[in-house]
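S.K.: The structure's right below; bear with me while I get my questions together.
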Amino acid sequence: MSDTPTSEHPGWLTSGDFTQADEPLALFAAWFAQAEKSEPADANAMALATADAEGLPNVRMVLLKGLDPRGFVFYTNLTSQKGRELDANPQAALVFHWKSLTRQVRARGRIERVTDAEADTYFATRSRSSQIGAWASQQSQPLETRLAFEAAIARYTVQYGLGKVPRPPHWSGFRVVPSEIEFWHDRPFRLHDRIVFRRDASDSAWTKTRLYP
């Protein structure tokens, strides 16, 4: 799986044309490809929303690290707050906002874990420092001092020496399998274009609806 998804540009890139698209993940890939060229940093940044046991939402920025016909993939420490919440309530919502293009994409759906093979393949593409950091960080847990974190980094750096750094068992990926994807494009006077795609199951056909702005 590549570090960041790419795609050829289909012909639906202008505000008036994108509403003619019939396949939302292909449309997303086209918009993403254009965002990679226009956004000053991190076109793959997305806001990820989860909920805790009381139903109180949490949202944070993560990075899209894979896109395929099944959905949107990101990676994390499984013992982090989001990891625990997604295991307990495997549903999520995400938002991409590309200010340079005045476009937004929202999606929501069920969550599934990526396979160990997928996680291993992606982990191997990370920088060595990021791989060590995945071992050293107890993500979302209280940290006494920065020095304690740096000591953990030094310890794992010595432990793995110059050899291959294995993927930690507590580090893997999730896929958002969308049941709904909405595309929004800014238009003058707040007369925006919006279309939403919905499906009942991952193997169902998509339906498309145009929405008032």
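Order determines the names: the first chain of the structure tokens is A, the second B, and so forth; residues in each chain are numbered 1 upward, and ligands are numbered 1 upward as they are shown.
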So that I can see what lies close to segment 138-147 of chain A, please list as a list in words the residues with an atom at most 9 Å from it, counting only C-alpha atoms and leaving out residues fewer than 6 positions away in the same chain.
M.R.: Thr76, Asn77, Leu78, Thr79, Ser80, Gln81 and Lys82 of chain A
S.K.: Emit the selected residues as a PDB file, in the first residue's frame, including N, CA and C atoms.
M.R.:
ATOM      1  N   THR A  76      -2.383   3.819  13.453  1.00  0.00           N
ATOM      2  CA  THR A  76      -2.309   4.409  14.781  1.00  0.00           C
ATOM      3  C   THR A  76      -1.869   3.375  15.803  1.00  0.00           C
ATOM      4  N   ASN A  77      -1.567   3.843  16.988  1.00  0.00           N
ATOM      5  CA  ASN A  77      -1.366   2.984  18.147  1.00  0.00           C
ATOM      6  C   ASN A  77      -2.745   2.475  18.581  1.00  0.00           C
ATOM      7  N   LEU A  78      -2.905   1.165  18.660  1.00  0.00           N
ATOM      8  CA  LEU A  78      -4.219   0.590  18.961  1.00  0.00           C
ATOM      9  C   LEU A  78      -4.654   0.853  20.396  1.00  0.00           C
ATOM     10  N   THR A  79      -3.703   1.190  21.277  1.00  0.00           N
ATOM     11  CA  THR A  79      -4.057   1.482  22.666  1.00  0.00           C
ATOM     12  C   THR A  79      -4.300   2.968  22.896  1.00  0.00           C
ATOM     13  N   SER A  80      -4.208   3.774  21.840  1.00  0.00           N
ATOM     14  CA  SER A  80      -4.505   5.201  21.958  1.00  0.00           C
ATOM     15  C   SER A  80      -5.998   5.396  22.212  1.00  0.00           C
ATOM     16  N   GLN A  81      -6.379   6.627  22.512  1.00  0.00           N
ATOM     17  CA  GLN A  81      -7.802   6.903  22.752  1.00  0.00           C
ATOM     18  C   GLN A  81      -8.644   6.533  21.538  1.00  0.00           C
ATOM     19  N   LYS A  82      -8.199   6.939  20.341  1.00  0.00           N
ATOM     20  CA  LYS A  82      -8.996   6.615  19.163  1.00  0.00           C
ATOM     21  C   LYS A  82      -9.007   5.123  18.894  1.00  0.00           C
TER      22      LYS A  82
END
S.K.: Among segment 76-138 of chain A, which ones does DSSP assign to strand (DSSP E) (computed from the backbone)? Answer as a PyMOL selection string.
M.R.: chain A and resi 76-77+91-98+103-113
S.K.: With a distance cut-off of 10 Å and only C-alpha atoms, select the neighbouring residues of Ser129 of chain A, excluding the residue or stretch itself and same-chain residues fewer than 2 positions from it, and output the selection as a list in words.
M.R.: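 So the residues in contact are Arg126, Ser127, Gln131, Ile132, Gly133, Ala134, Ile153, Thr157 and Val165 of chain A.
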S.K.: At a cut-off of 10 Å, using only C-alpha atoms, what residues contact segment 173-177 of chain A? Leave out same-chain residues fewer than 3 positions from it and give the result as a ChimeraX atom specification.
M.R.: /A:48,64-78,83,86-87,90-94,107-116,118-120,122-123,180,201-202
